[in-house]
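Undergrad: Just run.txt, nothing more (compact mmCIF, C-alpha atoms and all ligand atoms):
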```
# COMPACT_ATOMS: atom_id res chain seq x y z
CA MET A 1 -60.48 -47.25 58.67
CA SER A 2 -63.47 -46.29 56.65
CA ASP A 3 -64.91 -44.22 53.86
CA ASN A 4 -65.75 -41.80 56.60
CA LEU A 5 -62.08 -41.14 57.30
CA ALA A 6 -61.19 -41.17 53.60
CA ARG A 7 -63.40 -38.10 53.24
CA HIS A 8 -60.86 -36.11 55.26
CA PHE A 9 -58.30 -36.57 52.46
CA LEU A 10 -57.81 -35.28 48.94
CA LEU A 11 -56.68 -38.56 47.40
CA ARG A 12 -58.09 -39.62 44.04
CA GLU A 13 -60.99 -42.03 44.45
CA ASP A 14 -59.98 -44.20 41.51
CA VAL A 15 -56.59 -45.02 43.06
CA THR A 16 -56.02 -47.52 45.88
CA PHE A 17 -53.32 -45.53 47.64
CA LEU A 18 -51.11 -47.87 49.68
CA ASN A 19 -47.96 -45.74 49.72
CA HIS A 20 -48.36 -43.24 52.51
CA GLY A 21 -44.80 -44.16 53.48
CA SER A 22 -43.22 -42.50 50.46
CA PHE A 23 -45.37 -39.38 50.35
CA GLY A 24 -48.05 -39.10 53.00
CA ALA A 25 -51.47 -37.67 52.33
CA CYS A 26 -52.47 -34.45 54.08
CA PRO A 27 -55.97 -34.10 55.60
CA ARG A 28 -58.23 -31.38 54.18
CA PRO A 29 -58.24 -29.09 57.27
CA VAL A 30 -54.44 -29.25 57.46
CA PHE A 31 -54.14 -28.51 53.76
CA ALA A 32 -56.54 -25.58 54.24
CA ALA A 33 -54.38 -24.19 57.05
CA TYR A 34 -51.35 -24.51 54.76
CA GLN A 35 -53.07 -22.66 51.94
CA ALA A 36 -54.30 -19.98 54.35
CA PHE A 37 -50.66 -19.26 55.27
CA GLN A 38 -49.75 -19.10 51.59
CA LEU A 39 -52.55 -16.64 50.96
CA GLU A 40 -51.54 -14.50 53.91
CA LEU A 41 -47.98 -14.46 52.60
CA GLU A 42 -49.15 -13.43 49.16
CA ASN A 43 -51.41 -10.70 50.53
CA GLU A 44 -48.46 -8.87 52.11
CA PRO A 45 -45.13 -10.61 51.40
CA VAL A 46 -42.95 -8.06 53.17
CA GLU A 47 -45.08 -8.09 56.31
CA PHE A 48 -45.12 -11.91 56.35
CA LEU A 49 -41.52 -12.73 55.39
CA GLY A 50 -39.86 -9.54 56.54
CA ARG A 51 -41.50 -8.66 59.84
CA ARG A 52 -43.43 -11.68 61.11
CA LEU A 53 -41.41 -14.73 60.06
CA THR A 54 -39.21 -15.06 63.14
CA ASP A 55 -42.28 -15.15 65.40
CA LEU A 56 -44.26 -17.37 63.05
CA MET A 57 -41.52 -20.01 62.89
CA ARG A 58 -41.47 -20.34 66.68
CA THR A 59 -44.99 -21.75 67.14
CA PRO A 60 -44.45 -24.96 65.15
CA ARG A 61 -41.18 -25.50 67.01
CA GLU A 62 -42.98 -25.22 70.35
CA VAL A 63 -45.97 -27.38 69.40
CA LEU A 64 -43.80 -30.05 67.79
CA ALA A 65 -41.36 -30.08 70.72
CA ALA A 66 -44.25 -30.79 73.12
CA GLU A 67 -45.40 -33.62 70.85
CA LEU A 68 -41.92 -35.16 70.55
CA GLY A 69 -40.69 -34.88 74.14
CA THR A 70 -38.11 -32.16 73.85
CA SER A 71 -37.59 -28.42 74.16
CA ALA A 72 -38.29 -26.01 71.31
CA ASP A 73 -34.68 -24.81 71.61
CA ASN A 74 -33.46 -28.22 70.39
CA LEU A 75 -35.44 -28.22 67.15
CA VAL A 76 -35.16 -26.44 63.84
CA GLY A 77 -37.76 -26.49 61.10
CA LEU A 78 -36.63 -27.64 57.64
CA THR A 79 -38.14 -28.87 54.41
CA ASN A 80 -37.19 -32.56 54.66
CA ALA A 81 -35.20 -35.13 56.62
CA THR A 82 -32.65 -35.40 53.81
CA THR A 83 -31.72 -31.78 54.46
CA GLY A 84 -31.54 -32.30 58.23
CA LEU A 85 -29.27 -35.31 57.89
CA ASN A 86 -27.12 -33.59 55.28
CA ILE A 87 -26.56 -30.70 57.66
CA VAL A 88 -25.25 -33.13 60.25
CA ALA A 89 -23.23 -35.32 57.87
CA GLN A 90 -21.59 -32.33 56.22
CA SER A 91 -20.86 -30.54 59.50
CA LEU A 92 -19.14 -33.24 61.55
CA ASP A 93 -15.39 -32.96 61.61
CA LEU A 94 -14.29 -36.25 60.02
CA LYS A 95 -10.77 -37.20 59.06
CA PRO A 96 -9.20 -39.89 56.85
CA GLY A 97 -9.61 -43.29 58.48
CA ASP A 98 -12.58 -42.26 60.67
CA GLN A 99 -15.45 -44.73 60.45
CA ILE A 100 -19.16 -44.18 60.00
CA LEU A 101 -21.00 -47.23 61.29
CA THR A 102 -24.35 -47.98 59.69
CA THR A 103 -26.58 -50.86 58.56
CA ASP A 104 -27.60 -52.54 55.33
CA HIS A 105 -31.20 -51.18 55.66
CA GLU A 106 -30.56 -47.47 55.12
CA TYR A 107 -32.31 -45.13 52.71
CA SER A 108 -30.44 -44.78 49.44
CA ALA A 109 -30.29 -40.95 49.41
CA LEU A 110 -28.59 -41.01 52.80
CA GLU A 111 -26.19 -43.76 51.76
CA LYS A 112 -25.18 -41.35 49.00
CA THR A 113 -24.86 -38.50 51.49
CA TRP A 114 -22.37 -40.46 53.60
CA ALA A 115 -20.51 -41.66 50.49
CA TYR A 116 -20.18 -38.01 49.43
CA VAL A 117 -18.92 -37.04 52.90
CA CYS A 118 -16.41 -39.92 52.80
CA ARG A 119 -15.12 -38.79 49.42
CA LYS A 120 -14.55 -35.30 50.82
CA THR A 121 -13.07 -36.28 54.18
CA GLY A 122 -11.39 -39.65 53.63
CA ALA A 123 -13.64 -41.26 56.25
CA GLU A 124 -14.97 -44.80 55.63
CA ILE A 125 -18.40 -46.37 55.81
CA VAL A 126 -18.70 -49.63 57.76
CA VAL A 127 -21.95 -51.50 57.07
CA VAL A 128 -23.33 -53.90 59.68
CA LYS A 129 -25.51 -56.68 58.32
CA VAL A 130 -28.53 -56.73 60.62
CA PRO A 131 -29.40 -60.34 61.60
CA MET A 132 -32.55 -61.28 59.73
CA PRO A 133 -35.34 -61.94 60.39
CA LEU A 134 -35.27 -59.34 63.12
CA THR A 135 -36.75 -61.03 66.16
CA SER A 136 -34.63 -59.84 69.08
CA GLU A 137 -33.41 -56.53 70.43
CA ALA A 138 -30.24 -58.18 71.70
CA ALA A 139 -29.33 -59.60 68.28
CA PHE A 140 -29.70 -56.13 66.74
CA THR A 141 -27.77 -54.28 69.43
CA ASP A 142 -25.03 -56.90 69.68
CA ALA A 143 -24.45 -56.68 65.93
CA ILE A 144 -24.19 -52.89 66.06
CA ILE A 145 -21.88 -52.88 69.06
CA ALA A 146 -19.69 -55.56 67.45
CA GLY A 147 -19.17 -53.13 64.56
CA MET A 148 -17.83 -50.35 66.81
CA THR A 149 -14.06 -49.82 66.80
CA GLU A 150 -11.76 -47.15 68.20
CA ARG A 151 -12.02 -45.49 64.79
CA THR A 152 -15.85 -45.25 64.82
CA ARG A 153 -16.85 -41.57 64.98
CA VAL A 154 -20.48 -41.74 63.80
CA LEU A 155 -23.31 -44.22 64.30
CA PHE A 156 -25.94 -43.67 61.62
CA LEU A 157 -29.20 -45.63 61.98
CA SER A 158 -32.71 -45.42 60.68
CA HIS A 159 -35.32 -45.53 63.41
CA ILE A 160 -37.88 -46.97 60.98
CA THR A 161 -36.25 -48.43 57.88
CA SER A 162 -37.42 -47.61 54.37
CA PRO A 163 -36.87 -50.81 52.34
CA THR A 164 -37.77 -53.23 55.13
CA ALA A 165 -40.24 -51.17 57.24
CA LEU A 166 -38.67 -52.28 60.52
CA VAL A 167 -38.59 -50.36 63.78
CA PHE A 168 -34.98 -50.67 64.83
CA PRO A 169 -34.58 -50.95 68.62
CA ILE A 170 -31.93 -48.22 68.68
CA GLU A 171 -31.97 -47.20 72.35
CA ARG A 172 -29.06 -49.28 73.71
CA ALA A 173 -26.93 -48.70 70.62
CA ILE A 174 -27.30 -44.93 71.12
CA ALA A 175 -26.36 -45.21 74.80
CA GLU A 176 -23.32 -47.33 73.95
CA ALA A 177 -22.26 -44.83 71.28
CA ARG A 178 -22.46 -41.99 73.79
CA GLN A 179 -20.29 -43.88 76.26
CA ARG A 180 -17.65 -44.41 73.60
CA GLY A 181 -17.71 -40.81 72.37
CA ILE A 182 -19.35 -41.76 69.06
CA TRP A 183 -21.87 -39.29 67.59
CA SER A 184 -25.29 -40.88 67.04
CA VAL A 185 -27.16 -39.63 63.98
CA ILE A 186 -30.68 -40.99 63.57
CA ASP A 187 -32.78 -40.99 60.43
CA GLY A 188 -36.31 -40.59 61.77
CA ALA A 189 -37.94 -39.85 58.42
CA HIS A 190 -40.81 -42.27 59.17
CA THR A 191 -41.26 -41.87 62.92
CA PRO A 192 -43.13 -38.65 63.85
CA GLY A 193 -46.81 -39.58 64.11
CA HIS A 194 -46.00 -43.24 63.44
CA ILE A 195 -44.54 -44.34 66.77
CA PRO A 196 -44.57 -42.31 70.00
CA LEU A 197 -41.31 -40.38 70.27
CA ASP A 198 -39.54 -38.96 73.31
CA LEU A 199 -36.47 -37.35 71.80
CA ASP A 200 -34.86 -36.27 75.06
CA ALA A 201 -35.24 -39.73 76.59
CA LEU A 202 -33.89 -41.37 73.43
CA GLY A 203 -30.76 -39.27 73.81
CA ALA A 204 -29.48 -39.34 70.21
CA ASP A 205 -27.04 -36.56 69.42
CA PHE A 206 -28.80 -35.71 66.15
CA TYR A 207 -32.25 -36.82 64.98
CA SER A 208 -34.01 -35.67 61.85
CA GLY A 209 -37.63 -36.53 61.10
CA ASN A 210 -40.33 -35.72 58.61
CA CYS A 211 -43.65 -34.18 59.54
CA HIS A 212 -44.91 -34.67 55.98
CA LYS A 213 -45.22 -38.44 56.24
CA TRP A 214 -47.08 -39.93 59.24
CA LEU A 215 -47.77 -36.67 61.07
CA MET A 216 -49.69 -35.72 57.91
CA SER A 217 -48.54 -32.13 57.57
CA PRO A 218 -47.98 -30.68 54.07
CA LYS A 219 -44.98 -31.73 51.95
CA GLY A 220 -41.91 -29.73 52.87
CA SER A 221 -42.16 -29.92 56.67
CA ALA A 222 -39.50 -31.64 58.75
CA PHE A 223 -37.21 -31.01 61.69
CA LEU A 224 -33.68 -31.52 62.91
CA HIS A 225 -33.20 -32.16 66.62
CA ALA A 226 -29.80 -31.74 68.24
CA ARG A 227 -28.85 -32.11 71.90
CA PRO A 228 -27.85 -28.72 73.35
CA GLU A 229 -24.29 -29.98 73.91
CA VAL A 230 -23.71 -30.68 70.21
CA GLN A 231 -25.65 -27.90 68.49
CA HIS A 232 -22.49 -25.82 68.10
CA LEU A 233 -20.99 -28.56 65.90
CA LEU A 234 -23.47 -27.84 63.13
CA ASN A 235 -23.12 -25.48 60.21
CA PRO A 236 -25.87 -24.43 57.83
CA LEU A 237 -25.83 -25.89 54.32
CA VAL A 238 -26.97 -22.49 53.07
CA VAL A 239 -25.37 -19.47 54.68
CA SER A 240 -27.79 -16.58 54.89
CA HIS A 241 -28.91 -13.69 57.13
CA GLY A 242 -29.10 -15.88 60.26
CA TRP A 243 -25.34 -16.42 60.31
CA THR A 244 -23.00 -14.21 62.36
CA GLU A 245 -19.20 -13.96 62.60
CA GLN A 246 -19.46 -14.71 66.34
CA SER A 247 -21.79 -17.68 66.10
CA LYS A 248 -19.26 -20.20 67.45
CA GLU A 249 -18.38 -18.14 70.51
CA PRO A 250 -19.79 -19.33 73.87
CA GLY A 251 -23.23 -17.85 74.57
CA ALA A 252 -23.53 -16.39 71.05
CA ARG A 253 -26.97 -15.51 69.67
CA GLY A 254 -28.07 -15.80 66.07
CA ALA A 255 -28.95 -12.78 63.98
CA PHE A 256 -32.66 -13.04 64.85
CA GLY A 257 -32.26 -13.48 68.60
CA ASN A 258 -32.55 -17.28 68.71
CA SER A 259 -29.61 -19.63 69.16
CA PRO A 260 -27.17 -19.74 66.22
CA PHE A 261 -28.40 -23.34 65.67
CA ILE A 262 -31.93 -22.10 64.94
CA ASP A 263 -31.18 -18.85 63.15
CA GLU A 264 -28.44 -20.22 60.91
CA ILE A 265 -30.36 -23.29 59.79
CA GLU A 266 -33.90 -21.93 59.53
CA MET A 267 -32.91 -18.90 57.47
CA GLN A 268 -32.13 -20.07 53.94
CA GLY A 269 -33.02 -17.08 51.81
CA THR A 270 -36.52 -16.43 50.47
CA ARG A 271 -38.77 -19.49 50.62
CA ASP A 272 -42.35 -20.45 51.40
CA PRO A 273 -42.50 -21.62 55.06
CA SER A 274 -46.23 -22.49 54.93
CA ALA A 275 -45.79 -26.27 55.18
CA TRP A 276 -43.80 -25.88 58.40
CA LEU A 277 -46.29 -23.35 59.74
CA ALA A 278 -49.11 -25.89 59.21
CA VAL A 279 -47.48 -28.50 61.48
CA PRO A 280 -49.58 -27.39 64.52
CA ALA A 281 -52.74 -27.86 62.42
CA ALA A 282 -51.65 -31.44 61.65
CA ILE A 283 -51.01 -32.15 65.32
CA ALA A 284 -54.41 -30.64 66.23
CA PHE A 285 -56.17 -32.70 63.54
CA ARG A 286 -54.62 -35.88 64.90
CA ALA A 287 -55.63 -35.03 68.48
CA GLU A 288 -59.22 -34.11 67.50
CA ASN A 289 -59.60 -37.40 65.63
CA ASP A 290 -57.82 -39.60 68.20
CA TRP A 291 -55.30 -40.65 65.54
CA TRP A 292 -53.29 -43.01 67.74
CA ALA A 293 -56.46 -45.12 68.11
CA ILE A 294 -56.91 -45.06 64.33
CA ALA A 295 -53.28 -46.06 63.98
CA ASP A 296 -54.00 -49.14 66.12
CA HIS A 297 -56.66 -50.21 63.63
CA CYS A 298 -54.22 -49.58 60.80
CA ARG A 299 -51.65 -51.76 62.49
CA ALA A 300 -54.16 -54.60 62.82
CA LEU A 301 -55.13 -54.30 59.15
CA ALA A 302 -51.46 -54.17 58.06
CA GLN A 303 -50.60 -57.28 60.07
CA ASP A 304 -53.69 -59.10 58.85
CA THR A 305 -52.85 -58.30 55.22
CA ALA A 306 -49.24 -59.41 55.69
CA LEU A 307 -50.46 -62.67 57.22
CA ARG A 308 -52.87 -63.33 54.36
CA LEU A 309 -50.21 -62.64 51.77
CA GLY A 310 -47.68 -64.74 53.67
CA GLU A 311 -50.10 -67.67 53.58
CA LEU A 312 -50.37 -67.31 49.82
CA THR A 313 -46.66 -66.92 49.13
CA GLY A 314 -45.36 -69.22 51.84
CA LEU A 315 -42.64 -66.61 52.49
CA ALA A 316 -41.65 -65.69 56.04
CA PRO A 317 -41.98 -62.06 57.25
CA LEU A 318 -38.84 -59.96 57.73
CA SER A 319 -39.36 -59.65 61.48
CA SER A 320 -41.56 -60.59 64.38
CA PRO A 321 -44.58 -58.22 64.64
CA GLN A 322 -42.91 -56.32 67.49
CA PHE A 323 -40.26 -54.89 65.12
CA CYS A 324 -42.60 -54.25 62.20
CA ALA A 325 -43.47 -50.60 61.61
CA PRO A 326 -47.04 -50.24 62.88
CA GLN A 327 -48.52 -48.82 59.68
CA MET A 328 -46.09 -50.16 57.11
CA VAL A 329 -45.21 -53.76 56.24
CA ALA A 330 -42.54 -54.88 53.78
CA MET A 331 -43.88 -58.18 52.50
CA PRO A 332 -41.54 -60.59 50.68
CA ILE A 333 -43.05 -61.78 47.40
CA PRO A 334 -41.85 -64.53 45.04
CA GLU A 335 -39.04 -63.86 42.55
CA CYS A 336 -40.34 -61.52 39.84
CA ASP A 337 -39.52 -58.38 37.87
CA PRO A 338 -40.44 -55.85 40.61
CA ALA A 339 -40.52 -52.86 38.27
CA GLU A 340 -42.93 -54.66 35.98
CA ILE A 341 -45.20 -55.74 38.86
CA HIS A 342 -45.15 -52.21 40.26
CA LYS A 343 -46.12 -50.74 36.90
CA THR A 344 -48.84 -53.29 36.22
CA LEU A 345 -50.34 -52.84 39.67
CA PHE A 346 -50.85 -49.21 38.86
CA ASP A 347 -51.67 -49.39 35.15
CA ARG A 348 -54.09 -52.30 35.36
CA TYR A 349 -55.43 -52.18 38.93
CA LYS A 350 -54.83 -48.54 39.94
CA ILE A 351 -53.00 -49.71 43.06
CA GLU A 352 -50.21 -47.38 44.23
CA ILE A 353 -47.68 -49.48 46.14
CA PRO A 354 -43.87 -49.72 45.99
CA VAL A 355 -42.54 -53.06 44.69
CA PHE A 356 -38.78 -53.40 44.55
CA ARG A 357 -35.81 -55.68 45.10
CA TRP A 358 -33.94 -55.31 48.38
CA GLN A 359 -30.76 -57.39 48.47
CA GLU A 360 -31.96 -60.83 47.24
CA THR A 361 -35.61 -60.34 48.16
CA CYS A 362 -38.50 -58.96 46.12
CA ILE A 363 -40.71 -56.83 48.36
CA ALA A 364 -44.12 -55.18 48.19
CA ARG A 365 -44.28 -52.49 50.89
CA ILE A 366 -47.77 -51.72 52.01
CA SER A 367 -48.65 -48.61 53.99
CA VAL A 368 -51.93 -48.46 55.89
CA GLN A 369 -53.34 -45.08 56.87
CA GLY A 370 -56.75 -44.12 58.25
CA TYR A 371 -58.21 -43.65 54.77
CA ASN A 372 -57.46 -47.28 53.78
CA SER A 373 -59.96 -50.10 54.13
CA ARG A 374 -60.21 -53.88 54.20
CA PRO A 375 -61.75 -54.01 50.67
CA GLN A 376 -58.62 -52.22 49.40
CA MET A 377 -56.47 -54.94 50.95
CA ASP A 378 -58.68 -57.57 49.30
CA ARG A 379 -58.05 -55.81 45.98
CA LEU A 380 -54.29 -55.83 46.53
CA ILE A 381 -54.24 -59.50 47.44
CA ALA A 382 -56.41 -60.40 44.46
CA ALA A 383 -54.13 -58.42 42.12
CA LEU A 384 -50.93 -59.95 43.50
CA THR A 385 -52.46 -63.41 43.40
CA GLU A 386 -53.16 -62.92 39.72
CA LEU A 387 -49.87 -61.23 38.80
CA LEU A 388 -47.62 -63.56 40.76
CA ALA A 389 -49.65 -66.70 40.03
CA LEU A 390 -50.08 -67.26 43.75
CA ALA A 391 -53.40 -69.11 43.83
CA PRO A 392 -52.91 -72.78 44.75
CA SER A 393 -54.62 -73.79 41.49
CA ALA A 394 -52.27 -71.58 39.46
CA ARG A 395 -49.24 -72.95 41.29
CA GLY A 396 -50.35 -76.55 40.81
C1 LIG A 401 -35.66 -43.88 55.94
C2 LIG A 401 -35.80 -42.62 55.11
N1 LIG A 401 -34.92 -41.64 55.30
C3 LIG A 401 -34.99 -40.48 54.62
C4 LIG A 401 -36.00 -40.28 53.71
C5 LIG A 401 -36.02 -38.99 52.95
O1 LIG A 401 -37.14 -38.23 53.25
P1 LIG A 401 -37.26 -36.82 52.51
O2 LIG A 401 -37.29 -37.10 51.05
O3 LIG A 401 -38.54 -36.27 53.02
O4 LIG A 401 -36.09 -36.05 52.90
C6 LIG A 401 -36.94 -41.28 53.47
C7 LIG A 401 -38.00 -41.07 52.48
O5 LIG A 401 -38.85 -41.89 52.24
C8 LIG A 401 -36.84 -42.48 54.19
O6 LIG A 401 -37.69 -43.48 53.99
```
Represent the structure of the file as structure tokens.
TA:
Amino acid sequence: MSDNLARHFLLREDVTFLNHGSFGACPRPVFAAYQAFQLELENEPVEFLGRRLTDLMRTPREVLAAELGTSADNLVGLTNATTGLNIVAQSLDLKPGDQILTTDHEYSALEKTWAYVCRKTGAEIVVVKVPMPLTSEAAFTDAIIAGMTERTRVLFLSHITSPTALVFPIERAIAEARQRGIWSVIDGAHTPGHIPLDLDALGADFYSGNCHKWLMSPKGSAFLHARPEVQHLLNPLVVSHGWTEQSKEPGARGAFGNSPFIDEIEMQGTRDPSAWLAVPAAIAFRAENDWWAIADHCRALAQDTALRLGELTGLAPLSSPQFCAPQMVAMPIPECDPAEIHKTLFDRYKIEIPVFRWQETCIARISVQGYNSRPQMDRLIAALTELLALAPSARG
């Protein structure tokens, strides 16, 4: 929470960067590790991609698995959570009339993914309206369970939501889905490095998360986790050298000696794996700098800023603090043209923050990372006060 921590990052000094949630910033030592891999690759491409890649890919899997409470055999490295969730959505055997149960807080690209799958399979999307404001685990879980029918085949939930920055209490819904034979598919794009994760204890069938947001690894690093019992259900989006004719037979191995799950998904033709390879450097950076303690300070600053803005707008928060993402707050703001406010915040004040309409509510979503500071929050509040005519004198 200081200039001291800001020095670890490559962000432009003239911009107040309050949007780590969309595209996280990568610390200098992690970025250096990433570039070192790229250089090594370029020095001897055939050695790197031809002979060493299988071994190189394993280390991030092992380090990340230890961080996220699972086994390296249950993880594959990918470029982003969209890809991980597409692999799942496009693999599951869905038929006309099958239902995909989800909420009204999901990320638009994944809503499109399921709509695409429905068009191909004849399955239907059923959207549960989450009771708002979110103040109770029971209200959330009851609403999800009430949406389950004998036709529900998939439960698709964000763990931390994008438009509303809520931590959904998904544990009981996942357990209920398992009992009913419904596949649980979790969008964890915002969770690694943001909230402590124990993937095995959570027990979701499929969970995809980004390392390039809150874990602070380079862009293009993410994972897909699948329980061992369901890994055979998946097919790669891109069929390449890792695939074998026998991959669906019991006990089959992939073409590179790993499970078919790993070999089929990780091998996608020639690509630069450096972002994935730098994931251990990001985890080491966080440990060396006690990042969970820094995250606690970020949470306090995020909540304080939300409170100050709430006092100015008179608008209630979307949830009780317990369900608010620790380092990200979606703050309702008065009726406005969100695109115009977003543009002016950047053009006039050099503040990078998403401002958008979600359902009937205009929202400014603030992300707080270790490089942010209280004076930056003061700047945001001053700018919004001016742009939205929030000051009591302006309102009167
Ligand atoms: C909830 C959620 N899911 C999925 C994504 C997609 O992440 P990516 O573009 O890294 O695949 C995002 C991106 O912000 C997100 O917020």
Undergrad: Set up a box along x, y and z of the file covering all listed atoms of ligand LIG 401 (chain A), add 5 Å on every one of the six sides, and write the centre and edge lengths in Å to one decimal, as JSON.
TA:
```
{"center_x": -36.9, "center_y": -40.0, "center_z": 53.5, "size_x": 13.9, "size_y": 17.8, "size_z": 14.9}
```
Undergrad: If you take only C-alpha atoms and a cut-off of 9 Å, which residues of range 250-331 of chain A touch range 136-149 of chain A, and what are their nearest atom pairs and distances in Å to one decimal, in chain and number order, as a Markdown table?
TA:
```
| residue | atom | partner | partner_atom | distance |
| --- | --- | --- | --- | --- |
| A:Ser319 | CA | A:Ser136 | CA | 9.0 |
| A:Ser320 | CA | A:Ser136 | CA | 8.4 |
| A:Phe323 | CA | A:Ser136 | CA | 8.5 |
```
Undergrad: Can I get the selected residues back with C-alpha atoms, as a PDB file, keeping the file's coordinate frame?
TA:
```pdb
ATOM      1  CA  SER A 319     -39.360 -59.650  61.480  1.00  0.00           C
ATOM      2  CA  SER A 320     -41.560 -60.590  64.380  1.00  0.00           C
ATOM      3  CA  PHE A 323     -40.260 -54.890  65.120  1.00  0.00           C
TER       4      PHE A 323
END
```
Undergrad: Find the spatial neighbours of range 20-37 of chain A, counting all atoms listed in the file, within a cut-off of 7 Å - ignore same-chain residues fewer than 5 positions away - and output them as a list in words.
TA: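 That gives His8, Phe9, Leu10, His212, Lys213, Trp214, Met216, Ser217, Pro218, Ser274, Ala275, Ala278, Ala281, Ala282, Ser367 and Gln369 of chain A.
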Undergrad: Can you check which parts of chain A lie within 6 Å of ligand LIG 401 (chain A)? Per residue, the shortest pair of atoms and distance in Å to one decimal, counting only C-alpha atoms and all ligand atoms, sorted by chain and number, as a tab-separated table.
TA:
```
residue	atom	partner	partner_atom	distance
A:Ser22	CA	A:LIG401	O5	4.8
A:Asn80	CA	A:LIG401	O4	4.1
A:Ala81	CA	A:LIG401	O4	3.9
A:Thr82	CA	A:LIG401	O4	3.6
A:Tyr107	CA	A:LIG401	C1	4.8
A:Ser158	CA	A:LIG401	C1	5.8
A:Thr161	CA	A:LIG401	C1	5.0
A:Ser162	CA	A:LIG401	O6	4.2
A:Asp187	CA	A:LIG401	N1	5.6
A:Ala189	CA	A:LIG401	N1	4.7
A:Asn210	CA	A:LIG401	O3	5.9
```
Undergrad: Dump as a PyMOL selection string all residues having an atom at most 12 Å from (-52.8, -57.9, 44.6), computed in the file's coordinates with only C-alpha atoms.
TA: chain A and resi 16+18+305-306+308-309+312-313+331+333+341-342+344-346+348-353+355+364-366+375-391
Undergrad: Anything within 10 Å of (-15.3, -46.2, 63.3): list those residues as a PyMOL selection string, counting all atoms listed in the file and sticking to the file's coordinates.
TA: chain A and resi 97-102+123-126+147-155+182
Undergrad: Pick the closest to Asn372 in chain A from A:Asp337, A:Asp272, A:Glu106, A:Glu13: which is it, counting all atoms listed in the file?
TA: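 With all atoms listed in the file as the atom set, the closest residue is A:Glu13.
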Undergrad: Counting all atoms listed in the file, what is within 9 Å of Pro228 in chain A, bar same-chain residues fewer than 5 positions away, as an NGL selection string?
TA: :A and (73-74 or 205)
Undergrad: Considering all atoms listed in the file, state which residue in the set A:Ile363, A:Met267, A:Leu315, A:Leu215 is at the smallest distance from Ala287 in chain A.
TA: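 Looking at the shortest contact to Ala287 in chain A, the residue is A:Leu215.
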Undergrad: As an exercise, work out the distance from CA of Leu41 in chain A to CA of Leu277 in chain A in Å and give it to one decimal place.
TA: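 According to the coordinates, CA of Leu41 in chain A and CA of Leu277 in chain A are separated by 11.5 Å.
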Undergrad: Which residue is closest to Arg119 in chain A? Choose from A:Arg299, A:His105, A:Arg58, A:Lys95 and count only C-alpha atoms.
TA: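 Closest to Arg119 in chain A, using only C-alpha atoms: A:Lys95.
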Undergrad: Please measure the separation of CA of Arg52 in chain A and CA of Gly220 in chain A, giving the value in Å to one decimal.
TA: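 If I compute the distance from CA of Arg52 in chain A to CA of Gly220 in chain A, I get 19.9 Å.
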Undergrad: How many Å separate CA of Gly69 in chain A from CA of Ala222 in chain A?
TA: 15.8 Å
Undergrad: Which residue, A:Asn19, A:Phe168, A:Thr70, A:Pro163, has the smallest gap to Val368 in chain A when you use only C-alpha atoms?
TA: A:Asn19
Undergrad: So which one's closest to Arg51 in chain A, A:Phe256, A:Pro250, A:Leu233, A:Asp104? Using all atoms listed in the file, please.
TA: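 Nearest candidate to Arg51 in chain A out of A:Phe256, A:Pro250, A:Leu233, A:Asp104: A:Phe256.
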Undergrad: Between A:Pro196, A:Pro338, A:Pro317, A:Pro131, single out the one closest to Thr103 in chain A, counting only C-alpha atoms.
TA: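 When distances to Thr103 in chain A are compared using only C-alpha atoms, the smallest one comes from A:Pro131.
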Undergrad: Any chance you could model N, CA, C and O atoms for range 276-282 of chain A and send them as a short mmCIF file (atom, residue, chain, number, x, y, z; two decimals), keeping the file's coordinate frame?
TA:
```cif
data_model
loop_
_atom_site.label_atom_id
_atom_site.label_comp_id
_atom_site.auth_asym_id
_atom_site.auth_seq_id
_atom_site.Cartn_x
_atom_site.Cartn_y
_atom_site.Cartn_z
N TRP A 276 -44.26 -25.82 57.00
CA TRP A 276 -43.80 -25.88 58.40
C TRP A 276 -44.81 -25.20 59.32
O TRP A 276 -45.12 -25.71 60.41
N LEU A 277 -45.36 -24.09 58.89
CA LEU A 277 -46.29 -23.35 59.74
C LEU A 277 -47.59 -24.14 59.97
O LEU A 277 -48.31 -23.90 60.94
N ALA A 278 -47.88 -25.09 59.07
CA ALA A 278 -49.11 -25.89 59.21
C ALA A 278 -48.92 -27.13 60.10
O ALA A 278 -49.88 -27.88 60.32
N VAL A 279 -47.72 -27.32 60.61
CA VAL A 279 -47.48 -28.50 61.48
C VAL A 279 -48.42 -28.50 62.70
O VAL A 279 -49.00 -29.54 63.03
N PRO A 280 -48.63 -27.35 63.38
CA PRO A 280 -49.58 -27.39 64.52
C PRO A 280 -50.99 -27.80 64.09
O PRO A 280 -51.68 -28.49 64.85
N ALA A 281 -51.40 -27.44 62.89
CA ALA A 281 -52.74 -27.86 62.42
C ALA A 281 -52.79 -29.37 62.26
O ALA A 281 -53.82 -30.00 62.56
N ALA A 282 -51.69 -29.97 61.80
CA ALA A 282 -51.65 -31.44 61.65
C ALA A 282 -51.73 -32.11 63.02
O ALA A 282 -52.45 -33.09 63.20
#
```
